[in-house]
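Text of query.pdb, listed as PDB, C-alpha atoms:
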```
ATOM      1  CA  MET A   9     115.285  79.838 103.576
ATOM      2  CA  ALA A  10     115.437  81.936 106.770
ATOM      3  CA  GLN A  11     117.032  84.849 104.930
ATOM      4  CA  TYR A  12     113.729  85.213 103.071
ATOM      5  CA  ALA A  13     112.283  86.499 106.326
ATOM      6  CA  ALA A  14     114.080  89.740 105.419
ATOM      7  CA  VAL A  15     112.385  89.713 101.991
ATOM      8  CA  LEU A  16     109.046  89.207 103.690
ATOM      9  CA  ILE A  17     109.707  92.107 106.075
ATOM     10  CA  PHE A  18     110.653  94.356 103.148
ATOM     11  CA  LEU A  19     107.476  93.325 101.326
ATOM     12  CA  LEU A  20     105.272  94.008 104.339
ATOM     13  CA  VAL A  21     106.946  97.341 105.113
ATOM     14  CA  GLY A  22     106.666  98.342 101.438
ATOM     15  CA  ILE A  23     102.948  97.548 101.316
ATOM     16  CA  GLY A  24     102.482  99.106 104.749
ATOM     17  CA  ILE A  25     104.044 102.431 103.782
ATOM     18  CA  VAL A  26     101.767 102.747 100.755
ATOM     19  CA  LEU A  27      98.649 101.934 102.761
ATOM     20  CA  PHE A  28      99.744 104.223 105.592
ATOM     21  CA  THR A  29     100.357 107.180 103.253
ATOM     22  CA  PHE A  30      97.016 106.721 101.525
ATOM     23  CA  PHE A  31      95.234 106.404 104.848
ATOM     24  CA  MET A  32      96.974 109.429 106.393
ATOM     25  CA  SER A  33      96.391 111.663 103.393
ATOM     26  CA  ARG A  34      92.739 110.667 103.355
ATOM     27  CA  LEU A  35      92.566 111.558 107.024
ATOM     28  CA  ILE A  36      94.265 114.926 106.696
ATOM     29  CA  ARG A  37      93.259 116.374 103.318
ATOM     30  CA  PRO A  38      90.116 118.370 102.761
ATOM     31  CA  SER A  39      87.810 116.735 100.235
ATOM     32  CA  ASN A  40      86.867 119.350  97.680
ATOM     33  CA  PRO A  41      86.972 117.937  94.141
ATOM     34  CA  TYR A  42      85.932 120.077  91.206
ATOM     35  CA  LYS A  43      86.300 119.702  87.445
ATOM     36  CA  ALA A  44      89.531 121.609  86.940
ATOM     37  CA  LYS A  45      91.189 119.781  89.822
ATOM     38  CA  ASN A  46      90.224 116.365  88.473
ATOM     39  CA  GLN A  47      91.893 116.995  85.136
ATOM     40  CA  SER A  48      94.927 114.881  84.383
ATOM     41  CA  TYR A  49      98.134 116.756  85.028
ATOM     42  CA  GLU A  50      99.647 118.209  81.861
ATOM     43  CA  CYS A  51     102.370 120.625  82.957
ATOM     44  CA  ALA A  52     100.325 123.839  82.981
ATOM     45  CA  GLU A  53      98.639 123.005  79.670
ATOM     46  CA  GLN A  54      95.027 122.120  79.021
ATOM     47  CA  PRO A  55      95.081 118.327  78.502
ATOM     48  CA  ILE A  56      93.745 117.114  75.160
ATOM     49  CA  GLY A  57      91.658 113.956  75.310
ATOM     50  CA  ASP A  58      91.882 111.126  77.808
ATOM     51  CA  SER A  59      94.995 109.861  79.572
ATOM     52  CA  TRP A  60      94.084 106.326  78.399
ATOM     53  CA  ILE A  61      95.480 106.844  74.945
ATOM     54  CA  ARG A  62      96.622 104.239  72.494
ATOM     55  CA  PHE A  63     100.379 103.960  72.567
ATOM     56  CA  ASN A  64     102.603 103.681  69.549
ATOM     57  CA  ASN A  65     102.976 100.154  68.148
ATOM     58  CA  ARG A  66     106.727 100.482  68.182
ATOM     59  CA  PHE A  67     106.742 100.053  71.941
ATOM     60  CA  TYR A  68     105.665  96.451  71.425
ATOM     61  CA  ILE A  69     108.750  95.446  69.469
ATOM     62  CA  PHE A  70     110.907  96.953  72.173
ATOM     63  CA  ALA A  71     108.965  94.937  74.760
ATOM     64  CA  LEU A  72     109.439  91.729  72.734
ATOM     65  CA  ILE A  73     113.181  92.308  72.408
ATOM     66  CA  PHE A  74     113.295  93.082  76.116
ATOM     67  CA  VAL A  75     111.691  89.710  76.921
ATOM     68  CA  VAL A  76     114.313  87.890  74.848
ATOM     69  CA  PHE A  77     117.175  89.646  76.591
ATOM     70  CA  ASP A  78     115.501  89.089  79.941
ATOM     71  CA  VAL A  79     115.587  85.348  79.284
ATOM     72  CA  GLU A  80     119.241  85.730  78.349
ATOM     73  CA  ALA A  81     119.888  87.501  81.666
ATOM     74  CA  VAL A  82     118.392  84.518  83.478
ATOM     75  CA  PHE A  83     121.157  82.360  82.024
ATOM     76  CA  LEU A  84     123.790  84.890  83.017
ATOM     77  CA  PHE A  85     122.973  84.574  86.730
ATOM     78  CA  PRO A  86     123.935  80.906  87.323
ATOM     79  CA  TRP A  87     126.925  81.409  85.036
ATOM     80  CA  ALA A  88     128.111  84.383  87.099
ATOM     81  CA  VAL A  89     127.588  82.515  90.378
ATOM     82  CA  ALA A  90     129.493  79.432  89.181
ATOM     83  CA  PHE A  91     132.138  81.289  87.224
ATOM     84  CA  GLY A  92     134.756  81.184  89.999
ATOM     85  CA  HIS A  93     134.679  77.380  89.860
ATOM     86  CA  LEU A  94     134.797  77.010  86.088
ATOM     87  CA  GLY A  95     137.481  79.098  84.421
ATOM     88  CA  LEU A  96     138.198  80.087  80.839
ATOM     89  CA  PHE A  97     136.025  77.477  79.094
ATOM     90  CA  ALA A  98     132.883  78.904  80.713
ATOM     91  CA  LEU A  99     133.837  82.380  79.566
ATOM     92  CA  ILE A 100     134.146  81.188  75.949
ATOM     93  CA  GLU A 101     130.827  79.333  76.188
ATOM     94  CA  MET A 102     129.076  82.431  77.456
ATOM     95  CA  MET A 103     130.717  84.592  74.794
ATOM     96  CA  ILE A 104     129.333  82.279  72.081
ATOM     97  CA  PHE A 105     125.918  82.459  73.741
ATOM     98  CA  ILE A 106     125.959  86.252  73.850
ATOM     99  CA  MET A 107     127.379  86.572  70.316
ATOM    100  CA  ILE A 108     124.493  84.535  68.881
ATOM    101  CA  LEU A 109     122.014  86.797  70.655
ATOM    102  CA  LEU A 110     123.884  89.925  69.646
ATOM    103  CA  PHE A 111     123.269  88.803  66.082
ATOM    104  CA  GLY A 112     119.562  89.184  66.822
ATOM    105  CA  LEU A 113     120.116  92.701  68.113
ATOM    106  CA  PHE A 114     122.166  93.452  65.016
ATOM    107  CA  TYR A 115     119.303  92.128  62.871
ATOM    108  CA  ALA A 116     116.830  94.396  64.671
ATOM    109  CA  TRP A 117     119.171  97.329  64.249
ATOM    110  CA  LYS A 118     119.708  96.698  60.526
ATOM    111  CA  LYS A 119     115.976  96.277  59.957
ATOM    112  CA  GLY A 120     115.475  99.736  61.437
ATOM    113  CA  VAL A 121     113.312  98.457  64.286
ATOM    114  CA  LEU A 122     115.330 100.324  66.876
ATOM    115  CA  LYS A 123     115.027 103.607  65.068
ATOM    116  CA  TRP A 124     112.507 105.931  66.649
ATOM    117  CA  VAL A 125     110.493 107.733  64.046
TER     118      VAL A 125
ATOM    119  CA  MET B  28     115.045  77.853 109.134
ATOM    120  CA  PHE B  29     111.299  78.196 109.293
ATOM    121  CA  GLY B  30     109.474  75.510 111.168
ATOM    122  CA  VAL B  31     107.221  73.148 109.247
ATOM    123  CA  GLU B  32     104.125  74.866 110.664
ATOM    124  CA  VAL B  33     105.280  78.305 109.528
ATOM    125  CA  SER B  34     106.063  76.976 106.041
ATOM    126  CA  GLN B  35     102.644  75.437 105.874
ATOM    127  CA  LEU B  36     101.008  78.654 107.018
ATOM    128  CA  PHE B  37     102.810  80.521 104.234
ATOM    129  CA  PHE B  38     101.876  77.822 101.743
ATOM    130  CA  TYR B  39      98.186  78.196 102.544
ATOM    131  CA  LEU B  40      98.442  81.995 102.548
ATOM    132  CA  LEU B  41     100.166  82.039  99.143
ATOM    133  CA  SER B  42      97.764  79.476  97.706
ATOM    134  CA  PHE B  43      94.864  81.610  98.880
ATOM    135  CA  ILE B  44      96.337  84.710  97.192
ATOM    136  CA  ILE B  45      97.025  82.725  94.003
ATOM    137  CA  ILE B  46      93.497  81.329  93.789
ATOM    138  CA  VAL B  47      91.752  84.604  94.627
ATOM    139  CA  SER B  48      93.856  86.662  92.218
ATOM    140  CA  ALA B  49      93.441  84.012  89.492
ATOM    141  CA  ILE B  50      89.662  84.238  89.901
ATOM    142  CA  TYR B  51      89.916  88.022  89.646
ATOM    143  CA  VAL B  52      91.987  87.682  86.462
ATOM    144  CA  VAL B  53      89.140  85.921  84.702
ATOM    145  CA  SER B  54      86.213  87.729  86.292
ATOM    146  CA  LEU B  55      87.026  91.456  86.583
ATOM    147  CA  ARG B  56      85.470  93.745  84.017
ATOM    148  CA  ASN B  57      88.405  96.084  83.407
ATOM    149  CA  ILE B  58      91.008  94.131  81.465
ATOM    150  CA  PHE B  59      93.831  96.304  82.792
ATOM    151  CA  HIS B  60      92.978  95.315  86.367
ATOM    152  CA  CYS B  61      92.955  91.687  85.198
ATOM    153  CA  ALA B  62      96.546  92.089  84.029
ATOM    154  CA  LEU B  63      97.565  93.576  87.379
ATOM    155  CA  PHE B  64      95.991  90.667  89.261
ATOM    156  CA  LEU B  65      97.862  88.298  86.961
ATOM    157  CA  VAL B  66     101.077  89.955  88.184
ATOM    158  CA  LEU B  67     100.033  89.320  91.786
ATOM    159  CA  CYS B  68      99.190  85.709  90.943
ATOM    160  CA  LEU B  69     102.561  85.049  89.267
ATOM    161  CA  PHE B  70     104.414  86.778  92.100
ATOM    162  CA  SER B  71     102.744  84.521  94.645
ATOM    163  CA  VAL B  72     103.787  81.483  92.603
ATOM    164  CA  ALA B  73     107.367  82.719  93.057
ATOM    165  CA  GLY B  74     106.700  82.596  96.808
ATOM    166  CA  ILE B  75     105.663  78.937  96.483
ATOM    167  CA  TYR B  76     108.953  78.211  94.680
ATOM    168  CA  ILE B  77     110.866  79.757  97.591
ATOM    169  CA  LEU B  78     108.964  77.539 100.020
ATOM    170  CA  LEU B  79     110.086  74.567  97.895
ATOM    171  CA  GLU B  80     113.701  75.803  98.182
ATOM    172  CA  ALA B  81     113.872  76.368  94.419
ATOM    173  CA  GLU B  82     115.374  79.812  94.766
ATOM    174  CA  PHE B  83     116.679  80.069  91.229
ATOM    175  CA  LEU B  84     113.282  79.176  89.846
ATOM    176  CA  ALA B  85     111.732  81.850  92.054
ATOM    177  CA  ALA B  86     114.157  84.451  90.720
ATOM    178  CA  VAL B  87     113.367  83.352  87.153
ATOM    179  CA  GLN B  88     109.659  83.569  87.886
ATOM    180  CA  VAL B  89     109.988  87.128  89.172
ATOM    181  CA  LEU B  90     112.367  88.202  86.420
ATOM    182  CA  ILE B  91     110.559  86.674  83.439
ATOM    183  CA  TYR B  92     106.909  86.313  84.375
ATOM    184  CA  VAL B  93     106.451  89.194  86.794
ATOM    185  CA  GLY B  94     108.989  91.409  85.069
ATOM    186  CA  ALA B  95     108.778  90.735  81.367
ATOM    187  CA  VAL B  96     105.690  88.754  80.367
ATOM    188  CA  SER B  97     103.317  90.920  82.380
ATOM    189  CA  ILE B  98     104.907  94.042  80.885
ATOM    190  CA  LEU B  99     104.255  92.530  77.478
ATOM    191  CA  MET B 100     100.598  91.936  78.372
ATOM    192  CA  ILE B 101     100.143  95.437  79.754
ATOM    193  CA  PHE B 102     101.757  96.829  76.601
ATOM    194  CA  ALA B 103      99.427  94.722  74.470
ATOM    195  CA  ILE B 104      96.441  96.167  76.351
ATOM    196  CA  MET B 105      97.734  99.717  76.049
ATOM    197  CA  LEU B 106      98.430  99.274  72.348
ATOM    198  CA  THR B 107      94.935  98.042  71.644
ATOM    199  CA  SER B 108      93.063 100.731  69.805
ATOM    200  CA  ARG B 109      89.691  99.960  71.324
ATOM    201  CA  LEU B 110      91.009 101.021  74.716
ATOM    202  CA  ALA B 111      90.886 104.617  73.585
ATOM    203  CA  ASN B 112      87.126 104.671  73.989
ATOM    204  CA  LYS B 113      87.160 102.331  76.992
ATOM    205  CA  LYS B 114      85.087  99.672  75.264
ATOM    206  CA  ILE B 115      87.570  96.933  76.090
ATOM    207  CA  MET B 116      85.644  95.313  78.892
ATOM    208  CA  GLN B 117      86.213  91.685  79.631
ATOM    209  CA  SER B 118      83.152  89.583  79.110
ATOM    210  CA  ASN B 119      82.617  85.964  80.006
ATOM    211  CA  ASP B 120      80.384  84.967  77.110
ATOM    212  CA  ASN B 121      82.134  81.675  76.487
ATOM    213  CA  VAL B 122      81.890  80.491  80.069
ATOM    214  CA  THR B 123      80.303  77.109  79.212
ATOM    215  CA  VAL B 124      83.035  76.239  76.742
ATOM    216  CA  ALA B 125      85.647  77.465  79.200
ATOM    217  CA  ILE B 126      84.296  75.207  81.962
ATOM    218  CA  PHE B 127      84.583  72.150  79.709
ATOM    219  CA  VAL B 128      88.082  73.045  78.528
ATOM    220  CA  CYS B 129      89.287  73.777  82.064
ATOM    221  CA  ALA B 130      87.706  70.612  83.439
ATOM    222  CA  GLY B 131      89.404  68.628  80.685
ATOM    223  CA  PHE B 132      92.739  70.234  81.456
ATOM    224  CA  LEU B 133      92.288  69.614  85.185
ATOM    225  CA  LEU B 134      91.441  65.951  84.678
ATOM    226  CA  THR B 135      94.350  65.448  82.270
ATOM    227  CA  SER B 136      96.852  67.047  84.618
ATOM    228  CA  LEU B 137      95.492  65.238  87.681
ATOM    229  CA  GLY B 138      95.669  61.968  85.748
ATOM    230  CA  SER B 139      99.227  62.560  84.607
ATOM    231  CA  PHE B 140     100.279  63.615  88.115
ATOM    232  CA  GLY B 141      98.761  60.418  89.433
ATOM    233  CA  TYR B 142     100.586  58.195  86.943
ATOM    234  CA  THR B 143     103.954  59.917  87.179
ATOM    235  CA  VAL B 144     106.422  58.265  89.497
ATOM    236  CA  TRP B 145     108.015  61.177  91.338
ATOM    237  CA  LYS B 146     111.692  60.868  92.076
ATOM    238  CA  VAL B 147     112.377  61.808  95.669
ATOM    239  CA  VAL B 148     115.933  62.807  96.533
ATOM    240  CA  ASP B 149     117.014  61.252  99.804
ATOM    241  CA  SER B 150     119.977  63.527 100.383
ATOM    242  CA  PRO B 151     119.263  67.150 101.324
ATOM    243  CA  LEU B 152     119.165  69.656  98.477
ATOM    244  CA  PRO B 153     122.404  71.488  97.678
ATOM    245  CA  GLU B 154     122.750  74.576  99.826
ATOM    246  CA  ASN B 155     123.375  76.896  96.897
ATOM    247  CA  ASN B 156     121.322  75.578  94.026
ATOM    248  CA  THR B 157     122.070  78.481  91.680
ATOM    249  CA  LEU B 158     125.751  77.484  91.875
ATOM    250  CA  THR B 159     124.884  73.870  91.106
ATOM    251  CA  ILE B 160     122.709  74.893  88.160
ATOM    252  CA  GLY B 161     125.495  77.128  86.842
ATOM    253  CA  LYS B 162     128.077  74.356  87.068
ATOM    254  CA  LEU B 163     125.839  71.819  85.327
ATOM    255  CA  LEU B 164     124.886  74.329  82.634
ATOM    256  CA  MET B 165     128.524  74.957  81.786
ATOM    257  CA  THR B 166     129.673  71.320  81.866
ATOM    258  CA  ASP B 167     127.099  68.556  81.307
ATOM    259  CA  TYR B 168     124.417  70.636  79.611
ATOM    260  CA  VAL B 169     126.539  72.968  77.524
ATOM    261  CA  LEU B 170     125.004  71.902  74.201
ATOM    262  CA  PRO B 171     121.391  72.553  75.279
ATOM    263  CA  PHE B 172     122.635  75.826  76.737
ATOM    264  CA  GLU B 173     124.025  76.960  73.395
ATOM    265  CA  VAL B 174     120.927  75.714  71.586
ATOM    266  CA  VAL B 175     118.863  77.963  73.858
ATOM    267  CA  SER B 176     120.591  80.986  72.373
ATOM    268  CA  ILE B 177     119.626  79.824  68.863
ATOM    269  CA  VAL B 178     116.028  79.355  70.033
ATOM    270  CA  LEU B 179     116.029  82.853  71.520
ATOM    271  CA  LEU B 180     117.510  84.247  68.329
ATOM    272  CA  ALA B 181     114.792  82.548  66.283
ATOM    273  CA  ALA B 182     112.145  83.919  68.644
ATOM    274  CA  MET B 183     113.521  87.418  68.375
ATOM    275  CA  ILE B 184     113.791  87.432  64.582
ATOM    276  CA  GLY B 185     110.345  85.869  64.339
ATOM    277  CA  ALA B 186     108.886  88.531  66.609
ATOM    278  CA  ILE B 187     110.489  91.306  64.565
ATOM    279  CA  VAL B 188     109.269  89.859  61.272
ATOM    280  CA  LEU B 189     105.728  89.367  62.581
ATOM    281  CA  ALA B 190     105.575  92.744  64.273
ATOM    282  CA  ARG B 191     106.688  94.534  61.142
ATOM    283  CA  ARG B 192     104.245  92.539  59.000
ATOM    284  CA  GLU B 193     106.682  92.308  56.177
ATOM    285  CA  LYS B 194     107.108  89.849  53.350
ATOM    286  CA  ILE B 195     110.139  87.695  54.030
TER     287      ILE B 195
END
```

Would you write the structure of this file as C-alpha cells?
Amino acid sequence: MAQYAAVLIFLLVGIGIVLFTFFMSRLIRPSNPYKAKNQSYECAEQPIGDSWIRFNNRFYIFALIFVVFDVEAVFLFPWAVAFGHLGLFALIEMMIFIMILLFGLFYAWKKGVLKWV
Amino acid sequence: MFGVEVSQLFFYLLSFIIIVSAIYVVSLRNIFHCALFLVLCLFSVAGIYILLEAEFLAAVQVLIYVGAVSILMIFAIMLTSRLANKKIMQSNDNVTVAIFVCAGFLLTSLGSFGYTVWKVVDSPLPENNTLTIGKLLMTDYVLPFEVVSIVLLAAMIGAIVLARREKI
C-alpha cells in the first residue's frame, strides 16, 4: 500500500498546481471585465446563443457503448496480469469473450448507430 | 506500509469527503455541480478500497464509476433540452418521502450487516490480488466470465434499441 503514497503526492501536487495558478493569476491580473470580454470564445466570430447548448442525442449512444467496452476493459486487466501464468487456453477464452462483444459493435455498426449524420 | 494510525487518519478524511460530497449531490441547486460532486464522492470511495487493500476494486471503481458512469450522467444532463434555458434546477420537493425511503434502506442494510456472518481470512491477503483474480477468472470462474460477455452484449443491444426508439 506504501506505493500509493506516490499517488497521493501526485494528487496533492495536481490540485496544488491548479489552486496556485488560479491564486497567482488573481493576484497579478487587472480586474476589468466588460461585456465583450465576458463573451464565450468563438474563434473571432460573434457567438450565437449560450454556451450551455443541448447536445446531439447521438452522443448518448456513443457514451452507452463506451460504458460497455469500459466494463470489458476491466476484465482485460486481470487477464493481462495473469496471462504469463496461464498460456494458450486463457488466450482462447479471452478471444471468445472479445468476439461476443465485437458482435455487439457489429450490431451497432449495421444498425447505423455509429454513422455520424 | 502505512501505520495503523495513518490508515485511520486517511479513512476518516476520505469518509468526511464522501459524506460532504454526497450531501452536496442531493442539496446543490445546479444539477451539473451535483454530478461533479458525485464524481468526487465515487473517487473517494476508490480511496477507501485502496485502504482495504482491494486495489483491483479501486481501479474498477475509478475506471467504471468515475470514468464511465459519471460521463454518462453528465451527458444525460447536457442532452436534456430544458438545460438550454437553465431551468433544470434541482429541487427537494419530495424530501419527506426521501427521508422515509432512505431510513428504510439504512435500517435494512444495517440489519443485514448485523445478521451476516463475515468470513475473516486468517492468512494475509495475496500480495498481488489482480494476479490472483486473473488466475481465478481464467480457471475456476471461466463460465461466469464468458456469461459476463453475453450480459454485456445484451446490455449493449438493449441500449441501442432503446436509444433508437425503434420497433423490434

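Distances here use only C-alpha atoms; by that measure, the residue among B:Cys68, B:Cys129, B:Ala62, B:Ile160 closest to Phe172 (chain B) is B:Ile160.
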
**OP:** Could you tell me which residues the PyMOL selection byres ((chain B and resi 84) around 12) grabs in this file, written as a VMD selection string?
**Re:** (chain A and resid 82 to 83 85 to 86) or (chain B and resid 70 72 to 83 85 to 92 156 to 157 160)

Subject >> Selection: 9 Å around Phe67 (chain A), all atoms listed in the file, excl. self and same-chain fewer than 5 positions, as a ChimeraX atom specification >> reply: /A:72 /B:102,106

**OP:** Kindly provide, as a PyMOL selection string, the residues of chain A having any atom no farther than 9 Å from an atom of chain B, counting only C-alpha atoms.
**Re:** chain A and resi 9-13+58-69+71-91+93-94+97-98+101-102+104-106+108-113+115-116+119+121

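What separates CA of Val93 (chain B) from CA of Val15 (chain A) is a distance of 16.3 Å.
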
**OP:** Would you work out the distance separating CA of Asn121 (chain B) from CA of Arg56 (chain B), expressed in Å to one decimal?
**Re:** 14.6 Å

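Close contacts of region 47-54 of chain B, defined as residues with an atom at most 7 Å away when counting only C-alpha atoms, with chain neighbours fewer than 3 positions off set aside, comprise Phe43, Ile44, Cys61, Ala62, Phe64, Leu65, Leu67 and Cys68 of chain B.
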
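Here CA of Arg34 (chain A) stands at a distance of 16.1 Å from CA of Asn46 (chain A).
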
Given the block above, output region 29-62 of chain A with C-alpha atoms as an mmCIF file, in the first residue's frame.
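Written output follows (decode_0.cif):
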```cif
data_model
loop_
_atom_site.group_PDB
_atom_site.id
_atom_site.type_symbol
_atom_site.label_atom_id
_atom_site.label_comp_id
_atom_site.auth_asym_id
_atom_site.auth_seq_id
_atom_site.Cartn_x
_atom_site.Cartn_y
_atom_site.Cartn_z
ATOM 1 C CA THR A 29 -2.279 29.125 -10.823
ATOM 2 C CA PHE A 30 -5.734 30.454 -10.016
ATOM 3 C CA PHE A 31 -4.427 32.270 -6.965
ATOM 4 C CA MET A 32 -1.422 33.759 -8.785
ATOM 5 C CA SER A 33 -3.439 34.921 -11.771
ATOM 6 C CA ARG A 34 -5.962 36.524 -9.448
ATOM 7 C CA LEU A 35 -3.098 38.277 -7.715
ATOM 8 C CA ILE A 36 -1.427 39.529 -10.875
ATOM 9 C CA ARG A 37 -4.189 40.292 -13.386
ATOM 10 C CA PRO A 38 -6.011 43.583 -13.542
ATOM 11 C CA SER A 39 -9.734 43.187 -12.946
ATOM 12 C CA ASN A 40 -11.540 44.974 -15.739
ATOM 13 C CA PRO A 41 -14.485 42.925 -17.026
ATOM 14 C CA TYR A 42 -16.757 44.329 -19.698
ATOM 15 C CA LYS A 43 -19.437 42.798 -21.911
ATOM 16 C CA ALA A 44 -17.339 41.972 -24.952
ATOM 17 C CA LYS A 45 -14.648 40.383 -22.801
ATOM 18 C CA ASN A 46 -17.133 38.171 -20.971
ATOM 19 C CA GLN A 47 -18.439 36.651 -24.180
ATOM 20 C CA SER A 48 -17.693 32.986 -24.693
ATOM 21 C CA TYR A 49 -14.760 32.466 -27.005
ATOM 22 C CA GLU A 50 -15.820 31.683 -30.567
ATOM 23 C CA CYS A 51 -12.706 31.984 -32.728
ATOM 24 C CA ALA A 52 -13.106 35.610 -33.827
ATOM 25 C CA GLU A 53 -16.827 35.182 -34.513
ATOM 26 C CA GLN A 54 -19.753 36.672 -32.651
ATOM 27 C CA PRO A 55 -21.093 33.765 -30.551
ATOM 28 C CA ILE A 56 -24.722 32.832 -31.175
ATOM 29 C CA GLY A 57 -26.708 31.931 -28.077
ATOM 30 C CA ASP A 58 -25.442 30.432 -24.845
ATOM 31 C CA SER A 59 -22.547 28.016 -24.414
ATOM 32 C CA TRP A 60 -24.899 25.732 -22.425
ATOM 33 C CA ILE A 61 -26.488 24.272 -25.507
ATOM 34 C CA ARG A 62 -28.296 20.999 -25.850
#
```
